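Pasting my_file.txt here (compact mmCIF, C-alpha atoms and all ligand atoms):
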# COMPACT_ATOMS: atom_id res chain seq x y z
CA MET A 1 15.88 -5.88 13.00
CA SER A 2 12.13 -5.48 13.16
CA ALA A 3 10.14 -6.10 10.03
CA SER A 4 8.29 -3.19 8.52
CA GLY A 5 6.78 -2.26 5.22
CA TRP A 6 3.67 -2.85 3.22
CA ILE A 7 2.45 -4.74 0.16
CA GLY A 8 0.51 -2.95 -2.53
CA VAL A 9 -2.24 -4.94 -4.16
CA ASP A 10 -3.86 -3.69 -7.32
CA LEU A 11 -7.64 -3.50 -7.49
CA ASP A 12 -8.88 -3.96 -11.06
CA GLY A 13 -7.89 -7.34 -12.42
CA THR A 14 -6.08 -8.38 -9.21
CA LEU A 15 -8.45 -8.06 -6.24
CA ALA A 16 -11.55 -7.57 -8.36
CA ARG A 17 -12.62 -8.93 -11.71
CA VAL A 18 -12.65 -6.47 -14.55
CA ASP A 19 -13.95 -6.73 -18.07
CA TYR A 20 -11.99 -4.32 -20.25
CA GLY A 21 -14.46 -4.97 -23.06
CA LYS A 22 -17.22 -3.24 -21.10
CA VAL A 23 -17.83 0.49 -20.84
CA TYR A 24 -16.03 1.70 -17.71
CA ASP A 25 -18.60 3.08 -15.28
CA GLY A 26 -16.32 3.43 -12.25
CA SER A 27 -17.89 0.51 -10.41
CA ILE A 28 -15.78 -2.29 -8.89
CA GLY A 29 -16.11 -5.89 -10.04
CA GLU A 30 -16.68 -9.09 -8.13
CA PRO A 31 -13.84 -10.26 -5.88
CA ILE A 32 -11.13 -12.60 -7.14
CA GLN A 33 -11.53 -14.90 -4.17
CA ASP A 34 -8.04 -16.37 -3.98
CA MET A 35 -6.43 -12.91 -3.88
CA VAL A 36 -8.99 -11.65 -1.39
CA ASP A 37 -8.40 -14.70 0.84
CA PHE A 38 -4.63 -14.15 0.67
CA VAL A 39 -4.96 -10.52 1.80
CA ARG A 40 -7.55 -11.41 4.42
CA LEU A 41 -5.25 -14.06 5.92
CA LEU A 42 -2.09 -11.95 6.04
CA ASN A 43 -3.34 -8.42 6.71
CA PRO A 44 -2.35 -7.17 9.23
CA ARG A 45 -1.16 -10.37 10.94
CA LEU A 46 1.99 -10.58 8.82
CA VAL A 47 2.16 -7.37 6.84
CA GLU A 48 0.02 -4.36 6.03
CA PHE A 49 -1.68 -4.43 2.65
CA ARG A 50 -2.70 -1.31 0.77
CA VAL A 51 -4.90 -1.11 -2.28
CA PHE A 52 -2.55 0.23 -4.95
CA THR A 53 -4.66 1.68 -7.71
CA ALA A 54 -4.62 4.37 -10.38
CA ARG A 55 -8.25 5.04 -9.54
CA VAL A 56 -7.08 7.50 -6.89
CA ALA A 57 -4.51 9.12 -9.19
CA SER A 58 -6.35 9.37 -12.47
CA PRO A 59 -7.03 12.66 -14.13
CA LEU A 60 -10.68 13.61 -14.10
CA GLN A 61 -12.71 10.96 -15.83
CA ARG A 62 -16.30 10.96 -16.96
CA TRP A 63 -17.97 7.77 -15.99
CA GLU A 64 -21.26 6.58 -17.28
CA GLY A 65 -23.92 8.24 -15.15
CA TYR A 66 -21.58 10.47 -13.13
CA ASP A 67 -20.51 14.02 -13.73
CA PHE A 68 -17.93 15.12 -11.17
CA PRO A 69 -17.44 18.84 -10.55
CA CYS A 70 -13.70 18.42 -9.92
CA GLU A 71 -10.91 15.85 -9.86
CA ALA A 72 -10.65 15.84 -6.06
CA TYR A 73 -14.32 14.91 -5.84
CA ALA A 74 -13.94 12.08 -8.38
CA ILE A 75 -10.97 10.67 -6.45
CA ARG A 76 -12.79 10.98 -3.12
CA TYR A 77 -15.75 9.16 -4.62
CA GLN A 78 -13.47 6.34 -5.86
CA ARG A 79 -11.80 6.10 -2.46
CA MET A 80 -15.20 5.73 -0.82
CA LEU A 81 -16.22 3.00 -3.29
CA ILE A 82 -12.96 1.10 -2.75
CA GLU A 83 -13.19 1.36 1.04
CA ALA A 84 -16.77 0.05 0.99
CA TRP A 85 -15.69 -2.79 -1.35
CA CYS A 86 -12.83 -3.69 1.02
CA LEU A 87 -15.11 -3.74 4.02
CA GLU A 88 -17.62 -5.97 2.25
CA HIS A 89 -15.16 -8.45 0.73
CA ILE A 90 -12.02 -8.32 2.88
CA GLY A 91 -13.69 -7.46 6.16
CA CYS A 92 -11.67 -4.31 6.86
CA VAL A 93 -10.84 -1.01 5.19
CA LEU A 94 -7.37 -1.07 3.65
CA PRO A 95 -5.42 2.12 3.00
CA VAL A 96 -5.86 3.18 -0.64
CA THR A 97 -2.98 4.75 -2.53
CA ALA A 98 -1.54 5.31 -5.98
CA THR A 99 1.89 6.11 -4.58
CA LYS A 100 4.84 3.82 -4.01
CA ASP A 101 7.36 4.66 -1.30
CA HIS A 102 10.54 3.10 0.15
CA GLN A 103 8.57 1.00 2.65
CA CYS A 104 6.76 -0.83 -0.16
CA VAL A 105 8.18 -4.38 -0.20
CA ALA A 106 6.08 -5.85 -3.02
CA ILE A 107 3.39 -4.96 -5.51
CA ILE A 108 0.89 -7.53 -6.74
CA ASP A 109 -0.55 -6.34 -10.02
CA ASP A 110 -1.99 -7.97 -13.12
CA ARG A 111 -0.31 -5.44 -15.37
CA ALA A 112 3.16 -5.18 -13.82
CA ILE A 113 6.04 -7.10 -15.38
CA SER A 114 8.66 -8.26 -12.91
CA ALA A 115 12.34 -7.40 -13.38
CA PRO A 116 15.19 -8.82 -11.32
CA HIS A 117 16.93 -6.49 -8.86
CA ASN A 118 19.85 -4.62 -10.45
CA PHE A 119 19.64 -6.71 -13.62
CA GLU A 120 22.17 -6.41 -16.42
CA ARG A 121 19.82 -7.55 -19.12
CA LEU A 122 16.05 -7.62 -19.15
CA PRO A 123 14.92 -11.27 -19.12
CA VAL A 124 13.52 -12.63 -22.37
CA ARG A 125 10.34 -13.57 -20.53
CA ALA A 126 9.78 -9.91 -19.57
CA VAL A 127 10.40 -8.71 -23.12
CA ASN A 128 7.99 -11.33 -24.45
CA LEU A 129 5.36 -10.19 -21.96
CA ILE A 130 5.87 -6.57 -22.99
CA GLN A 131 5.55 -7.57 -26.62
CA GLY A 132 2.30 -9.40 -25.91
CA ARG A 133 0.87 -6.46 -23.97
CA LEU A 134 1.75 -3.96 -26.71
CA VAL A 135 0.28 -6.12 -29.45
CA GLY A 136 -2.79 -6.77 -27.28
CA ALA A 137 -3.20 -3.01 -26.84
CA GLY A 138 -3.15 -2.41 -30.59
CA TRP A 139 0.49 -1.86 -31.51
CA ALA A 140 1.43 -3.42 -34.84
CA MET A 141 3.14 -6.78 -34.38
CA ASP A 142 5.82 -6.14 -37.03
CA ARG A 143 6.82 -2.81 -35.50
CA VAL A 144 7.00 -4.30 -31.99
CA SER A 145 9.03 -7.27 -33.25
CA ASP A 146 11.37 -5.04 -35.25
CA LEU A 147 12.15 -2.85 -32.27
CA LEU A 148 12.21 -5.42 -29.48
CA GLY A 149 13.41 -8.47 -31.37
CA GLY A 150 15.56 -6.79 -33.97
CA GLN A 151 17.26 -3.84 -32.33
CA TRP A 152 17.52 -5.43 -28.91
CA GLY A 153 18.35 -8.86 -30.23
CA TYR A 154 15.89 -10.80 -28.12
CA PRO A 155 14.57 -14.09 -29.48
CA LEU A 156 10.94 -13.08 -29.22
CA GLY A 157 8.51 -15.83 -28.43
CA GLY A 158 11.38 -18.16 -27.46
CA GLU A 159 12.28 -19.74 -24.17
CA GLU A 160 14.18 -17.86 -21.51
MG MG B 1 -4.99 -4.08 -12.82
Before we go any further, please render this structure as structure tokens.
Amino acid sequence: MSASGWIGVDLDGTLARVDYGKVYDGSIGEPIQDMVDFVRLLNPRLVEFRVFTARVASPLQRWEGYDFPCEAYAIRYQRMLIEAWCLEHIGCVLPVTATKDHQCVAIIDDRAISAPHNFERLPVRAVNLIQGRLVGAGWAMDRVSDLLGGQWGYPLGGEE
């Protein structure tokens, strides 16, 4: 059996630093060197990496200083920025996609929460991470705890 497939690596917060407290202007942050080195070492020697980012899927956004005439133009502009960033920091242009397919063997992403294959019950660690993300994004702690901890019976905040 010959190996095939690709690994998706997220851009914002995974390959590049991002400050969610700042106004989003569409620019790409400084590289996260360890992640960049990892991709640089393995792509394409071991496996193909693709930048896996919502930037090329987003509905039309208005960024500080830019006024795009249409969504396709905004996405093309983002693709160009990402490709230039890849060339500068990784040394090659990686494919850029917002789409997963059956050849995707892994996704490295600062926002994703891992779940075991064909699991029967979502691990407590995953539920705790979801709880933390929701509360961090502004959901009320008591509502999140009631629904996740109460209804689902998970010992929130506890050990796995
Ligand atoms: Mg991210």
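If you look at CA of Arg111 (chain A) and CA of Val56 (chain A), they are 16.9 Å away from each other.
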Could you build a table of the residues in chain A lying no more than 9 Å from ligand MG 1 (chain B), giving for each the nearest pair of atoms and their separation in Å rounded to one decimal place, using all atoms listed in the file, ordered by chain and ascending residue number, as a Markdown table?
| residue | atom | partner | partner_atom | distance |
| --- | --- | --- | --- | --- |
| A:Asp10 | CA | B:MG1 | MG | 5.6 |
| A:Leu11 | CA | B:MG1 | MG | 6.0 |
| A:Asp12 | CA | B:MG1 | MG | 4.3 |
| A:Gly13 | CA | B:MG1 | MG | 4.4 |
| A:Thr14 | CA | B:MG1 | MG | 5.7 |
| A:Leu15 | CA | B:MG1 | MG | 8.4 |
| A:Ala16 | CA | B:MG1 | MG | 8.7 |
| A:Val18 | CA | B:MG1 | MG | 8.2 |
| A:Thr53 | CA | B:MG1 | MG | 7.7 |
| A:Ala54 | CA | B:MG1 | MG | 8.8 |
| A:Asp109 | CA | B:MG1 | MG | 5.7 |
| A:Asp110 | CA | B:MG1 | MG | 4.9 |
| A:Arg111 | CA | B:MG1 | MG | 5.5 |
| A:Ala112 | CA | B:MG1 | MG | 8.3 |
Next item on the list: Using CA of Ala98 (chain A) and CA of Leu42 (chain A) as the two end points, give the distance in Å to one decimal.
Entry: 21.0 Å
Next item on the list: Rounded to one decimal place, report the CA of Pro123 (chain A)-CA of Ile107 (chain A) distance in Å.
Entry: 18.9 Å
